[in-house]
$ cat entry.txt   # compact mmCIF, C-alpha atoms and all ligand atoms
# COMPACT_ATOMS: atom_id res chain seq x y z
CA MET P 446 0.00 0.00 0.00
CA ASN P 447 1.25 3.51 -0.66
CA SER P 448 0.04 6.93 0.35
CA THR P 449 -2.17 7.26 -2.71
CA GLU P 450 -4.18 4.13 -2.03
CA LYS P 451 -7.62 4.78 -0.67
CA LEU P 452 -8.60 3.75 2.82
CA ALA P 453 -12.20 3.56 3.95
CA PRO P 454 -12.99 6.45 6.28
CA GLY P 455 -11.93 5.63 9.78
CA ALA P 456 -10.18 2.43 8.73
CA PRO P 457 -6.80 1.78 10.32
CA PRO P 458 -3.88 1.05 7.96
CA ALA P 459 -3.71 -2.58 6.88
CA ALA P 460 -2.71 -4.51 9.98
CA ASP P 461 0.46 -5.96 8.53
CA PHE P 462 1.93 -2.80 6.99
CA ILE P 463 2.86 0.55 8.51
CA PRO P 464 3.20 3.26 5.87
CA LEU P 465 5.42 6.34 6.20
CA ILE P 466 2.63 8.93 5.93
CA VAL P 467 -0.97 8.50 4.82
CA PRO P 468 -3.78 11.07 4.81
CA GLU P 469 -6.23 11.37 7.69
CA ILE P 470 -9.78 11.67 6.32
CA ARG P 471 -12.16 11.67 9.26
CA GLY P 472 -13.83 15.07 9.35
CA ASN P 473 -16.34 16.83 7.11
CA GLU P 474 -14.63 15.80 3.85
CA TRP P 475 -17.45 13.53 2.63
CA GLU P 476 -20.16 16.00 3.54
CA TYR P 477 -18.48 18.94 1.78
CA VAL P 478 -17.63 16.94 -1.34
CA LYS P 479 -21.23 15.71 -1.50
CA GLU P 480 -22.36 19.31 -1.29
CA CYS P 481 -20.25 20.12 -4.39
CA LEU P 482 -21.71 17.20 -6.33
CA ASP P 483 -25.29 17.90 -5.22
CA THR P 484 -25.06 21.57 -6.18
CA ASN P 485 -23.10 21.03 -9.42
CA TRP P 486 -20.23 23.24 -8.17
CA VAL P 487 -17.49 20.84 -9.21
CA SER P 488 -15.15 22.97 -11.27
CA SER P 489 -12.59 25.73 -10.81
CA VAL P 490 -14.70 28.32 -9.10
CA GLY P 491 -17.06 27.90 -6.17
CA PRO P 492 -17.76 28.69 -2.56
CA PHE P 493 -15.28 26.13 -1.20
CA VAL P 494 -12.41 27.68 -3.18
CA ASP P 495 -13.19 31.05 -1.59
CA ARG P 496 -13.59 29.51 1.85
CA PHE P 497 -10.39 27.47 1.60
CA GLU P 498 -8.47 30.60 0.62
CA LYS P 499 -9.98 32.52 3.50
CA LEU P 500 -9.25 29.76 6.05
CA THR P 501 -5.64 29.51 4.89
CA ALA P 502 -5.04 33.27 4.96
CA GLU P 503 -6.54 33.42 8.46
CA HIS P 504 -4.40 30.57 9.71
CA VAL P 505 -1.17 31.94 8.25
CA GLY P 506 -1.97 35.54 9.12
CA THR P 507 -1.68 37.02 5.64
CA LYS P 508 -4.20 39.25 3.93
CA TYR P 509 -4.55 37.13 0.79
CA ALA P 510 -4.42 33.52 -0.31
CA ILE P 511 -4.80 32.16 -3.85
CA ALA P 512 -5.54 28.47 -4.34
CA THR P 513 -3.51 26.61 -6.97
CA VAL P 514 -3.52 23.18 -8.55
CA ASN P 515 -0.44 22.19 -6.51
CA GLY P 516 2.44 23.61 -4.52
CA THR P 517 4.86 23.59 -7.45
CA ALA P 518 2.49 25.77 -9.49
CA ALA P 519 2.29 28.19 -6.55
CA LEU P 520 6.10 28.38 -6.50
CA HIS P 521 6.20 29.03 -10.23
CA ILE P 522 3.78 31.94 -9.85
CA ALA P 523 5.59 33.27 -6.75
CA LEU P 524 8.83 33.49 -8.75
CA MET P 525 7.04 35.41 -11.52
CA LEU P 526 5.56 37.79 -8.94
CA ALA P 527 9.06 38.39 -7.58
CA GLY P 528 10.17 39.49 -11.05
CA VAL P 529 12.58 36.60 -11.54
CA GLU P 530 13.49 36.37 -15.22
CA ALA P 531 15.46 34.15 -17.56
CA ASN P 532 19.14 33.94 -16.64
CA ASP P 533 18.63 35.38 -13.15
CA GLU P 534 19.76 33.42 -10.12
CA VAL P 535 17.74 32.45 -7.05
CA LEU P 536 19.20 31.19 -3.78
CA VAL P 537 17.52 27.98 -2.65
CA SER P 538 18.09 25.19 -0.12
CA ALA P 539 20.25 22.32 -1.38
CA LEU P 540 18.48 19.88 0.92
CA THR P 541 14.84 19.86 -0.12
CA PHE P 542 12.33 18.09 -2.27
CA ILE P 543 13.16 19.13 -5.83
CA ALA P 544 10.06 21.23 -6.62
CA PRO P 545 11.44 24.71 -5.76
CA ALA P 546 14.57 24.16 -7.88
CA ASN P 547 12.41 23.00 -10.78
CA ALA P 548 10.16 26.06 -10.43
CA ILE P 549 13.25 28.28 -10.69
CA ARG P 550 14.05 26.61 -14.02
CA TYR P 551 10.44 27.09 -15.23
CA VAL P 552 11.08 30.84 -15.37
CA GLY P 553 14.45 30.26 -17.04
CA ALA P 554 16.44 31.24 -13.95
CA TRP P 555 19.20 29.26 -12.20
CA PRO P 556 19.28 27.89 -8.67
CA VAL P 557 22.18 28.75 -6.38
CA PHE P 558 22.28 25.88 -3.90
CA ILE P 559 22.90 26.84 -0.29
CA ASP P 560 23.99 24.25 2.25
CA ALA P 561 22.00 23.17 5.31
CA GLU P 562 23.00 23.98 8.89
CA PRO P 563 23.70 20.97 11.11
CA SER P 564 21.37 21.74 14.05
CA TYR P 565 17.93 21.84 12.47
CA TRP P 566 18.91 20.80 8.91
CA GLN P 567 17.41 23.95 7.34
CA ILE P 568 19.04 26.33 4.85
CA ASP P 569 22.04 27.92 6.61
CA PRO P 570 21.45 31.68 7.06
CA ALA P 571 25.19 32.23 7.55
CA ALA P 572 25.86 30.63 4.16
CA VAL P 573 23.24 32.88 2.55
CA VAL P 574 24.92 35.96 4.04
CA GLU P 575 28.37 34.69 3.08
CA PHE P 576 27.34 34.16 -0.55
CA LEU P 577 25.60 37.52 -0.92
CA GLU P 578 28.35 39.50 0.85
CA ASN P 579 31.40 37.76 -0.63
CA GLY P 580 30.24 35.77 -3.64
CA CYS P 581 28.47 38.73 -5.23
CA ARG P 582 29.17 42.31 -6.14
CA TRP P 583 26.73 45.18 -5.78
CA ASP P 584 26.79 47.61 -8.68
CA GLY P 585 24.47 50.11 -6.99
CA HIS P 586 21.36 48.61 -8.53
CA VAL P 587 21.74 44.89 -8.87
CA LEU P 588 23.57 42.11 -7.14
CA VAL P 589 25.74 40.07 -9.49
CA ASN P 590 27.22 36.63 -8.85
CA ARG P 591 30.99 37.15 -9.26
CA LYS P 592 31.50 33.66 -10.68
CA THR P 593 28.70 33.57 -13.26
CA GLY P 594 28.07 37.27 -13.92
CA ARG P 595 24.34 36.65 -13.55
CA ARG P 596 21.90 38.82 -11.62
CA VAL P 597 20.85 37.46 -8.22
CA LYS P 598 17.15 38.19 -7.95
CA ALA P 599 15.49 36.37 -5.03
CA ILE P 600 15.90 34.05 -2.06
CA LEU P 601 13.78 30.92 -1.76
CA PRO P 602 14.30 29.32 1.65
CA VAL P 603 12.53 26.00 2.18
CA HIS P 604 11.20 25.17 5.64
CA ILE P 605 11.78 21.41 5.65
CA LEU P 606 10.23 18.57 7.67
CA GLY P 607 7.87 20.81 9.66
CA HIS P 608 10.62 22.85 11.34
CA PRO P 609 11.20 26.53 10.49
CA VAL P 610 14.23 28.06 8.83
CA ASP P 611 15.98 30.65 11.02
CA ILE P 612 14.50 33.34 8.83
CA ASP P 613 15.36 36.64 10.56
CA PRO P 614 18.97 36.84 9.32
CA ILE P 615 17.75 35.96 5.82
CA LEU P 616 15.10 38.70 5.90
CA GLU P 617 17.73 41.15 7.12
CA ILE P 618 20.24 40.52 4.32
CA ALA P 619 17.39 40.37 1.77
CA ALA P 620 16.26 43.83 2.86
CA LYS P 621 19.81 45.14 2.55
CA TYR P 622 19.92 44.18 -1.14
CA SER P 623 16.18 44.58 -1.88
CA LEU P 624 15.80 40.88 -2.68
CA PRO P 625 12.32 39.41 -2.41
CA VAL P 626 12.06 36.36 -0.15
CA ILE P 627 9.72 33.56 -1.23
CA GLU P 628 9.05 31.03 1.51
CA ASP P 629 8.56 27.45 0.43
CA ALA P 630 6.33 26.59 3.38
CA THR P 631 4.90 23.48 1.73
CA GLU P 632 6.17 21.32 4.60
CA GLY P 633 5.60 23.99 7.22
CA LEU P 634 1.85 24.52 7.55
CA GLY P 635 1.03 24.77 11.27
CA ALA P 636 4.63 25.50 12.32
CA ARG P 637 5.78 28.81 13.79
CA TYR P 638 8.91 30.94 13.94
CA ARG P 639 9.17 33.20 17.00
CA GLY P 640 5.42 32.78 17.50
CA LYS P 641 4.39 33.66 13.94
CA SER P 642 3.09 31.18 11.38
CA LEU P 643 5.42 30.11 8.58
CA GLY P 644 4.35 31.70 5.34
CA SER P 645 3.89 35.14 6.90
CA PHE P 646 7.48 36.35 6.54
CA GLY P 647 8.27 36.55 2.83
CA GLN P 648 6.93 38.67 0.00
CA SER P 649 4.92 35.54 -0.71
CA ALA P 650 4.85 31.96 0.49
CA CYS P 651 3.66 28.66 -0.93
CA PHE P 652 1.84 25.69 0.57
CA SER P 653 1.13 22.22 -0.75
CA PHE P 654 -1.78 19.88 -0.08
CA ASN P 655 -0.24 16.82 -1.66
CA GLY P 656 -1.23 13.47 -0.14
CA ASN P 657 1.70 13.28 2.28
CA LYS P 658 1.51 16.85 3.60
CA ILE P 659 0.03 17.68 7.02
CA ILE P 660 -3.33 18.42 5.42
CA THR P 661 -4.25 17.23 1.95
CA THR P 662 -6.69 17.85 -0.89
CA GLY P 663 -5.26 14.91 -2.81
CA GLY P 664 -3.30 17.50 -4.74
CA GLY P 665 -3.38 21.24 -4.35
CA GLY P 666 -1.49 24.33 -3.33
CA MET P 667 -1.80 27.89 -2.11
CA LEU P 668 0.09 31.13 -2.54
CA VAL P 669 -0.19 33.64 0.31
CA THR P 670 0.86 37.28 0.45
CA ASP P 671 0.09 40.57 2.18
CA ASP P 672 0.45 42.56 -1.03
CA ALA P 673 -2.87 43.37 -2.75
CA GLU P 674 -1.25 43.95 -6.16
CA LEU P 675 0.64 40.65 -6.05
CA ALA P 676 -2.49 38.80 -4.92
CA LYS P 677 -4.43 40.22 -7.84
CA ARG P 678 -1.66 39.30 -10.24
CA ALA P 679 -1.43 35.78 -8.82
CA LYS P 680 -5.14 35.24 -9.42
CA TYR P 681 -4.72 36.66 -12.93
CA LEU P 682 -1.76 34.47 -13.87
CA THR P 683 -3.34 31.31 -12.46
CA THR P 684 -6.54 31.85 -14.46
CA GLN P 685 -5.10 32.16 -17.99
CA ALA P 686 -4.45 35.93 -17.68
CA LYS P 687 -7.93 36.76 -18.86
CA ASP P 688 -8.41 40.51 -19.33
CA ASP P 689 -11.83 40.49 -20.98
CA PRO P 690 -13.88 37.51 -19.87
CA ILE P 691 -16.56 38.09 -22.51
CA GLU P 692 -14.45 38.67 -25.60
CA TYR P 693 -11.64 36.41 -24.29
CA VAL P 694 -8.88 38.97 -24.54
CA HIS P 695 -5.59 37.94 -22.90
CA ASN P 696 -2.78 40.49 -22.68
CA GLU P 697 -0.23 38.05 -21.34
CA ILE P 698 0.60 34.36 -21.31
CA GLY P 699 -1.30 32.86 -18.39
CA TYR P 700 -1.63 29.45 -16.79
CA ASN P 701 -4.48 27.20 -15.81
CA TYR P 702 -3.29 26.64 -12.25
CA ARG P 703 -6.68 26.68 -10.51
CA LEU P 704 -7.84 24.32 -7.77
CA THR P 705 -11.27 22.80 -8.24
CA ASN P 706 -14.14 23.39 -5.81
CA VAL P 707 -14.29 19.64 -5.06
CA LEU P 708 -10.68 19.59 -3.91
CA ALA P 709 -11.09 22.88 -2.04
CA ALA P 710 -14.04 21.26 -0.22
CA ILE P 711 -11.69 18.55 1.05
CA GLY P 712 -9.23 21.31 1.96
CA CYS P 713 -11.79 23.15 4.08
CA ALA P 714 -12.61 19.99 6.00
CA GLN P 715 -8.90 19.27 6.50
CA MET P 716 -8.15 22.82 7.58
CA GLU P 717 -10.77 22.49 10.34
CA GLN P 718 -8.64 19.67 11.78
CA LEU P 719 -5.19 21.21 11.36
CA ASP P 720 -4.66 21.99 15.05
CA ARG P 721 -5.53 18.44 16.03
CA PHE P 722 -3.20 17.08 13.32
CA VAL P 723 -0.33 19.19 14.64
CA GLN P 724 -1.00 17.96 18.19
CA ALA P 725 -0.99 14.36 16.94
CA LYS P 726 2.33 14.85 15.10
CA ARG P 727 3.91 16.41 18.18
CA GLN P 728 2.65 13.56 20.34
CA ILE P 729 4.19 11.04 17.92
CA ALA P 730 7.48 12.96 18.08
CA LYS P 731 7.36 12.94 21.89
CA HIS P 732 6.85 9.18 22.02
CA TYR P 733 9.71 8.56 19.58
CA ARG P 734 11.91 10.84 21.67
CA GLU P 735 11.08 9.00 24.90
CA SER P 736 11.62 5.62 23.29
CA LEU P 737 14.73 6.24 21.20
CA SER P 738 16.76 8.84 23.10
CA ALA P 739 18.70 6.22 25.07
CA ILE P 740 20.08 4.52 21.95
CA PRO P 741 23.60 5.80 21.20
CA GLY P 742 23.95 6.29 17.47
CA ILE P 743 20.43 7.58 16.86
CA GLN P 744 20.30 11.36 16.85
CA LEU P 745 16.79 12.76 17.26
CA PRO P 746 15.44 15.93 15.63
CA ASN P 747 15.82 19.13 17.65
CA GLU P 748 13.35 21.96 18.03
CA ALA P 749 15.05 25.36 18.19
CA GLU P 750 14.09 27.64 21.07
CA TRP P 751 12.65 30.03 18.47
CA ALA P 752 10.67 27.27 16.78
CA TYR P 753 7.36 25.51 17.08
CA SER P 754 7.76 22.42 14.91
CA THR P 755 4.97 20.22 13.62
CA TYR P 756 7.44 17.32 13.17
CA TRP P 757 5.60 16.82 9.88
CA MET P 758 8.11 14.17 8.77
CA TYR P 759 9.77 12.57 11.78
CA THR P 760 13.39 12.08 10.82
CA VAL P 761 16.38 10.79 12.78
CA LEU P 762 20.09 10.67 11.97
CA ILE P 763 21.96 7.39 12.10
CA ASP P 764 25.58 7.28 13.22
CA GLU P 765 26.73 4.04 11.63
CA ARG P 766 29.92 3.82 13.70
CA LYS P 767 28.06 4.04 17.00
CA LEU P 768 24.96 2.08 16.01
CA GLY P 769 26.71 -0.67 14.07
CA ILE P 770 24.26 -0.33 11.17
CA GLY P 771 23.80 2.40 8.59
CA ALA P 772 20.63 4.23 7.57
CA ARG P 773 20.17 2.30 4.30
CA ASP P 774 20.50 -1.13 5.96
CA LEU P 775 18.09 -0.02 8.68
CA LEU P 776 15.64 1.05 6.01
CA ARG P 777 15.88 -2.34 4.31
CA GLY P 778 15.47 -4.15 7.63
CA LEU P 779 12.35 -2.17 8.44
CA GLY P 780 11.02 -2.79 4.94
CA ALA P 781 11.42 -6.54 5.47
CA ARG P 782 9.29 -6.11 8.59
CA LYS P 783 6.64 -4.27 6.54
CA ILE P 784 7.47 -0.86 7.93
CA GLN P 785 8.00 1.94 5.46
CA ALA P 786 10.92 4.27 6.23
CA ARG P 787 12.67 6.63 3.84
CA PRO P 788 15.93 8.51 3.40
CA LEU P 789 15.91 12.26 2.80
CA TRP P 790 16.03 13.56 -0.77
CA GLN P 791 19.18 13.49 -2.83
CA PRO P 792 20.53 17.02 -2.28
CA ILE P 793 19.67 18.96 -5.41
CA HIS P 794 23.22 20.11 -6.14
CA ARG P 795 23.81 16.37 -6.75
CA SER P 796 20.74 15.88 -8.91
CA PRO P 797 21.43 14.88 -12.53
CA SER P 798 18.48 17.11 -13.49
CA HIS P 799 20.20 20.21 -12.10
CA ARG P 800 23.72 19.72 -13.37
CA SER P 801 25.35 23.00 -14.17
CA ASP P 802 28.77 24.34 -14.91
CA VAL P 803 28.90 25.83 -11.41
CA SER P 804 29.94 23.45 -8.65
CA PHE P 805 28.36 23.72 -5.23
CA LEU P 806 29.86 22.46 -2.02
CA CYS P 807 27.15 21.46 0.43
CA PRO P 808 28.84 19.00 2.81
CA VAL P 809 26.17 19.25 5.52
CA ALA P 810 23.37 18.43 3.07
CA ASP P 811 25.48 15.50 1.78
CA GLU P 812 26.00 14.13 5.27
CA LEU P 813 22.33 14.53 6.22
CA HIS P 814 21.35 12.68 3.06
CA GLU P 815 23.63 9.81 3.97
CA ARG P 816 22.51 9.55 7.60
CA ALA P 817 18.82 10.52 7.69
CA LEU P 818 15.97 8.10 8.13
CA SER P 819 12.32 9.19 8.20
CA LEU P 820 10.00 7.00 10.27
CA PRO P 821 6.25 6.38 10.05
CA CYS P 822 4.41 9.41 11.41
CA SER P 823 0.91 9.57 9.94
CA VAL P 824 -1.48 11.67 11.98
CA GLY P 825 -3.51 8.48 12.47
CA LEU P 826 -0.56 6.36 13.68
CA ASN P 827 -1.77 4.93 16.99
CA LEU P 828 0.41 4.13 19.97
CA GLU P 829 0.34 0.40 19.29
CA ALA P 830 1.52 0.82 15.70
CA GLN P 831 4.19 3.27 16.79
CA ASP P 832 5.44 0.79 19.39
CA THR P 833 5.60 -1.82 16.62
CA VAL P 834 7.88 0.54 14.68
CA ILE P 835 10.06 1.18 17.73
CA GLU P 836 10.39 -2.51 18.56
CA ALA P 837 11.15 -3.35 14.93
CA LEU P 838 13.83 -0.68 14.84
CA LYS P 839 15.53 -2.13 17.92
CA SER P 840 15.20 -5.65 16.58
CA VAL P 841 16.74 -4.73 13.21
CA ILE P 842 19.68 -3.13 15.02
CA ASP P 843 20.20 -6.16 17.31
CA THR P 844 19.86 -8.70 14.51
CA TYR P 845 22.30 -6.81 12.30
CA ARG P 846 24.88 -6.45 15.07
CA ALA P 847 24.59 -10.17 15.90
CA SER P 848 25.09 -11.12 12.25
CA MET P 849 28.18 -8.90 12.05
CA ARG P 850 29.64 -10.61 15.13
CA VAL P 851 29.10 -14.05 13.56
CA ARG P 852 31.04 -12.99 10.47
C1 LIG A 901 5.57 18.91 -1.46
C2 LIG A 901 6.57 19.94 -1.73
C3 LIG A 901 6.44 20.86 -2.79
C4 LIG A 901 5.48 20.77 -3.91
O1 LIG A 901 4.23 20.51 -3.69
P1 LIG A 901 3.28 19.79 -4.77
O2 LIG A 901 1.95 20.16 -4.25
O3 LIG A 901 3.58 18.33 -4.69
O4 LIG A 901 3.55 20.37 -6.11
C5 LIG A 901 7.37 21.88 -2.89
N1 LIG A 901 8.40 21.99 -2.04
C6 LIG A 901 8.58 21.10 -1.04
C7 LIG A 901 9.74 21.31 -0.13
C8 LIG A 901 7.69 20.05 -0.85
O5 LIG A 901 7.91 19.18 0.13

$ encode --input "entry.txt" --output "structure tokens"
Amino acid sequence: MNSTEKLAPGAPPAADFIPLIVPEIRGNEWEYVKECLDTNWVSSVGPFVDRFEKLTAEHVGTKYAIATVNGTAALHIALMLAGVEANDEVLVSALTFIAPANAIRYVGAWPVFIDAEPSYWQIDPAAVVEFLENGCRWDGHVLVNRKTGRRVKAILPVHILGHPVDIDPILEIAAKYSLPVIEDATEGLGARYRGKSLGSFGQSACFSFNGNKIITTGGGGMLVTDDAELAKRAKYLTTQAKDDPIEYVHNEIGYNYRLTNVLAAIGCAQMEQLDRFVQAKRQIAKHYRESLSAIPGIQLPNEAEWAYSTYWMYTVLIDERKLGIGARDLLRGLGARKIQARPLWQPIHRSPSHRSDVSFLCPVADELHERALSLPCSVGLNLEAQDTVIEALKSVIDTYRASMRVR
């Protein structure tokens, strides 16, 4: 079973398999979807789209929210709003799911990969400052990458795994050089930085409602901003840039990036449960912490004193020397016991799809990729299933160590 397979409402995961993350559909989803079907409001406008946008803006604390077909589309539009053009450069986390780097290429710009910091595994603000201050020159109007000669146009920090980026130093240096900041908050819904919701710091921010995110619409996204002009333009660009809806006059190339009312209906029902989902994730994290903290060689995720993490994707680091088994062998051992674990993404500076003539050194991202292991952490994971995971983890470690001794 994978995260896209449908479960009956309220049904526990199949008894013999524990997936990494599956959706939690137990609220008003059915009722709201039925309302769409009964009223014929199934397409790309409708009351649930408006309501979902309003609920999201209220939660994040921004004035505007524009629903999109997915998070990647929201990122694409956010980059256009920031004025990023072909051959510009955009700073982005090296350790992230690939979508933000791809979106940078959609507008013809180039990613500049910034390493992670070792404490919370987020984009390293010191490395951002270092690159802008020493890797670039300021010609009075624009910032130019000394190595490539290209204009540096925006910063796209990605809040990964449900924990915030340390964003203040990034906002500060961005203000110094008038660079727009776009937050990729797709993994950060419900999390806070110094008491404020993620997504409320940048010029704009993007969310995703993909099946594995903390709330889901099956697929969907949202762009949030405080800027009325940008909000208007986002709506315009996501709806085919229609200037005269009767004569079908379009002054620009637009996109069909809308979210349907049916999916927004699911989103509204999910949004109603967000606080409970965050509590459930934090409870899961607490139980893992209590159960695994005594094992030398397993490093648990930290929550910064300035952070409120959702622990969206519960991830630990494996020290192979201390534990006697590496992350990949652990993953295989868990898989054999029908427990789905996962490594973190290949850092994007290593991705064959983002090869460039510029080399990036991101040793922290490389090490995290080698050592990280994400464990099952669905909102609906009950204590019994979580204990099964914990016992399996210990058993895989013991079995592996015993087999190494025999050899
Ligand atoms: C999920 C995700 C996205 C993209 O969201 P989609 O809705 O799948 O397009 C973007 N960035 C990050 C970091 C993500 O985890």

$ residues_near_ligand --input "entry.txt" --ligand "ligand LIG 901 (chain A)" --cutoff "7 Å" --atoms "all atoms listed in the file" --output "PyMOL selection string"
chain P and resi 515-518+541-545+603+605+629+631-632+653-655+658+664-666

$ write_last_selection --input "entry.txt" --atoms "C-alpha atoms" --output "short mmCIF file (atom, residue, chain, number, x, y, z; two decimals), in the frame of the given file"
data_model
loop_
_atom_site.label_atom_id
_atom_site.label_comp_id
_atom_site.auth_asym_id
_atom_site.auth_seq_id
_atom_site.Cartn_x
_atom_site.Cartn_y
_atom_site.Cartn_z
CA ASN P 515 -0.44 22.19 -6.51
CA GLY P 516 2.44 23.61 -4.52
CA THR P 517 4.86 23.59 -7.45
CA ALA P 518 2.49 25.77 -9.49
CA THR P 541 14.84 19.86 -0.12
CA PHE P 542 12.33 18.09 -2.27
CA ILE P 543 13.16 19.13 -5.83
CA ALA P 544 10.06 21.23 -6.62
CA PRO P 545 11.44 24.71 -5.76
CA VAL P 603 12.53 26.00 2.18
CA ILE P 605 11.78 21.41 5.65
CA ASP P 629 8.56 27.45 0.43
CA THR P 631 4.90 23.48 1.73
CA GLU P 632 6.17 21.32 4.60
CA SER P 653 1.13 22.22 -0.75
CA PHE P 654 -1.78 19.88 -0.08
CA ASN P 655 -0.24 16.82 -1.66
CA LYS P 658 1.51 16.85 3.60
CA GLY P 664 -3.30 17.50 -4.74
CA GLY P 665 -3.38 21.24 -4.35
CA GLY P 666 -1.49 24.33 -3.33
#

$ residues_around --input "entry.txt" --residues "P:Val824" --least-positions-apart "6" --cutoff "8 Å" --atoms "only C-alpha atoms" --output "number ranges by chain"
P: 466-469, 659, 722, 725-726

$ residues_around --input "entry.txt" --residues "P:Ala548" --least-positions-apart "6" --cutoff "9 Å" --atoms "all atoms listed in the file" --output "list of chain:residue names"
P:Thr517, P:Ala518, P:Leu520, P:His521, P:Ile522, P:Leu524, P:Ala554

$ residues_around --input "entry.txt" --residues "P:Gly633" --least-positions-apart "6" --cutoff "10 Å" --atoms "all atoms listed in the file" --output "list of chain:residue names"
P:Val603, P:His604, P:Ile605, P:Leu606, P:Gly607, P:His608, P:Pro609, P:Val610, P:Ser642, P:Leu643, P:Gly644, P:Cys651, P:Phe652, P:Ser653, P:Lys658, P:Ile659, P:Ser754, P:Thr755, P:Tyr756, P:Trp757

$ closest_residue --input "entry.txt" --among "P:Phe558, P:Tyr509, P:Tyr693, P:Trp475" --to "P:Phe805" --atoms "all atoms listed in the file"
P:Phe558

$ residues_around --input "entry.txt" --residues "stretch 829-844 of chain P" --least-positions-apart "6" --cutoff "7 Å" --atoms "all atoms listed in the file" --output "list of chain:residue names"
P:Ile770, P:Leu775, P:Gly778, P:Leu779, P:Ile784

$ closest_residue --input "entry.txt" --among "P:Pro690, P:Gly635, P:Pro614, P:Gly656" --to "P:Gln718" --atoms "all atoms listed in the file"
P:Gly635

$ residues_around --input "entry.txt" --residues "P:Gly472" --least-positions-apart "2" --cutoff "12 Å" --atoms "all atoms listed in the file" --output "PyMOL selection string"
chain P and resi 454-455+468-470+474-478+660+710-719+721-722

$ atom_distance --input "entry.txt" --atom1 "atom CA of P:Met758" --atom2 "atom CA of P:Gln728"
12.8 Å

$ atom_distance --input "entry.txt" --atom1 "atom CA of P:Ala630" --atom2 "atom CA of P:Glu503"
15.4 Å

$ closest_residue --input "entry.txt" --among "P:Tyr551, P:Leu624, P:Phe462, P:Thr662" --to "P:Phe493" --atoms "all atoms listed in the file"
P:Thr662

$ atom_distance --input "entry.txt" --atom1 "atom CA of P:Ala510" --atom2 "atom CA of P:Ala546"
22.5 Å

$ closest_residue --input "entry.txt" --among "P:Ala523, P:Ala650, P:Met667, P:Ile793" --to "P:Asn547" --atoms "all atoms listed in the file"
P:Ile793

$ decode --input "entry.txt" --residues "stretch 538-548 of chain P" --atoms "N, CA, C and O atoms" --output "mmCIF file, in the first residue's frame"
data_model
loop_
_atom_site.group_PDB
_atom_site.id
_atom_site.type_symbol
_atom_site.label_atom_id
_atom_site.label_comp_id
_atom_site.auth_asym_id
_atom_site.auth_seq_id
_atom_site.Cartn_x
_atom_site.Cartn_y
_atom_site.Cartn_z
ATOM 1 N N SER P 538 17.519 26.259 -0.949
ATOM 2 C CA SER P 538 18.090 25.191 -0.123
ATOM 3 C C SER P 538 18.596 24.052 -1.003
ATOM 4 O O SER P 538 17.923 23.658 -1.954
ATOM 5 N N ALA P 539 19.759 23.501 -0.660
ATOM 6 C CA ALA P 539 20.253 22.317 -1.382
ATOM 7 C C ALA P 539 19.520 21.068 -0.919
ATOM 8 O O ALA P 539 19.291 20.157 -1.702
ATOM 9 N N LEU P 540 19.158 21.065 0.361
ATOM 10 C CA LEU P 540 18.481 19.881 0.915
ATOM 11 C C LEU P 540 16.985 20.140 0.988
ATOM 12 O O LEU P 540 16.475 20.744 1.925
ATOM 13 N N THR P 541 16.290 19.677 -0.035
ATOM 14 C CA THR P 541 14.845 19.859 -0.116
ATOM 15 C C THR P 541 14.295 18.898 -1.155
ATOM 16 O O THR P 541 15.044 18.374 -1.981
ATOM 17 N N PHE P 542 12.989 18.700 -1.120
ATOM 18 C CA PHE P 542 12.329 18.091 -2.266
ATOM 19 C C PHE P 542 12.590 19.005 -3.474
ATOM 20 O O PHE P 542 12.743 20.216 -3.330
ATOM 21 N N ILE P 543 12.623 18.438 -4.655
ATOM 22 C CA ILE P 543 13.160 19.130 -5.833
ATOM 23 C C ILE P 543 12.280 20.260 -6.385
ATOM 24 O O ILE P 543 12.761 21.111 -7.150
ATOM 25 N N ALA P 544 11.011 20.308 -5.984
ATOM 26 C CA ALA P 544 10.058 21.233 -6.620
ATOM 27 C C ALA P 544 10.523 22.698 -6.703
ATOM 28 O O ALA P 544 10.389 23.311 -7.768
ATOM 29 N N PRO P 545 11.057 23.300 -5.640
ATOM 30 C CA PRO P 545 11.443 24.707 -5.756
ATOM 31 C C PRO P 545 12.549 24.930 -6.788
ATOM 32 O O PRO P 545 12.530 25.948 -7.508
ATOM 33 N N ALA P 546 13.490 24.008 -6.876
ATOM 34 C CA ALA P 546 14.565 24.157 -7.875
ATOM 35 C C ALA P 546 13.990 24.041 -9.284
ATOM 36 O O ALA P 546 14.365 24.792 -10.192
ATOM 37 N N ASN P 547 13.060 23.128 -9.469
ATOM 38 C CA ASN P 547 12.411 23.003 -10.782
ATOM 39 C C ASN P 547 11.665 24.280 -11.136
ATOM 40 O O ASN P 547 11.737 24.756 -12.276
ATOM 41 N N ALA P 548 10.936 24.845 -10.163
ATOM 42 C CA ALA P 548 10.160 26.064 -10.431
ATOM 43 C C ALA P 548 11.076 27.208 -10.861
ATOM 44 O O ALA P 548 10.716 28.020 -11.719
#
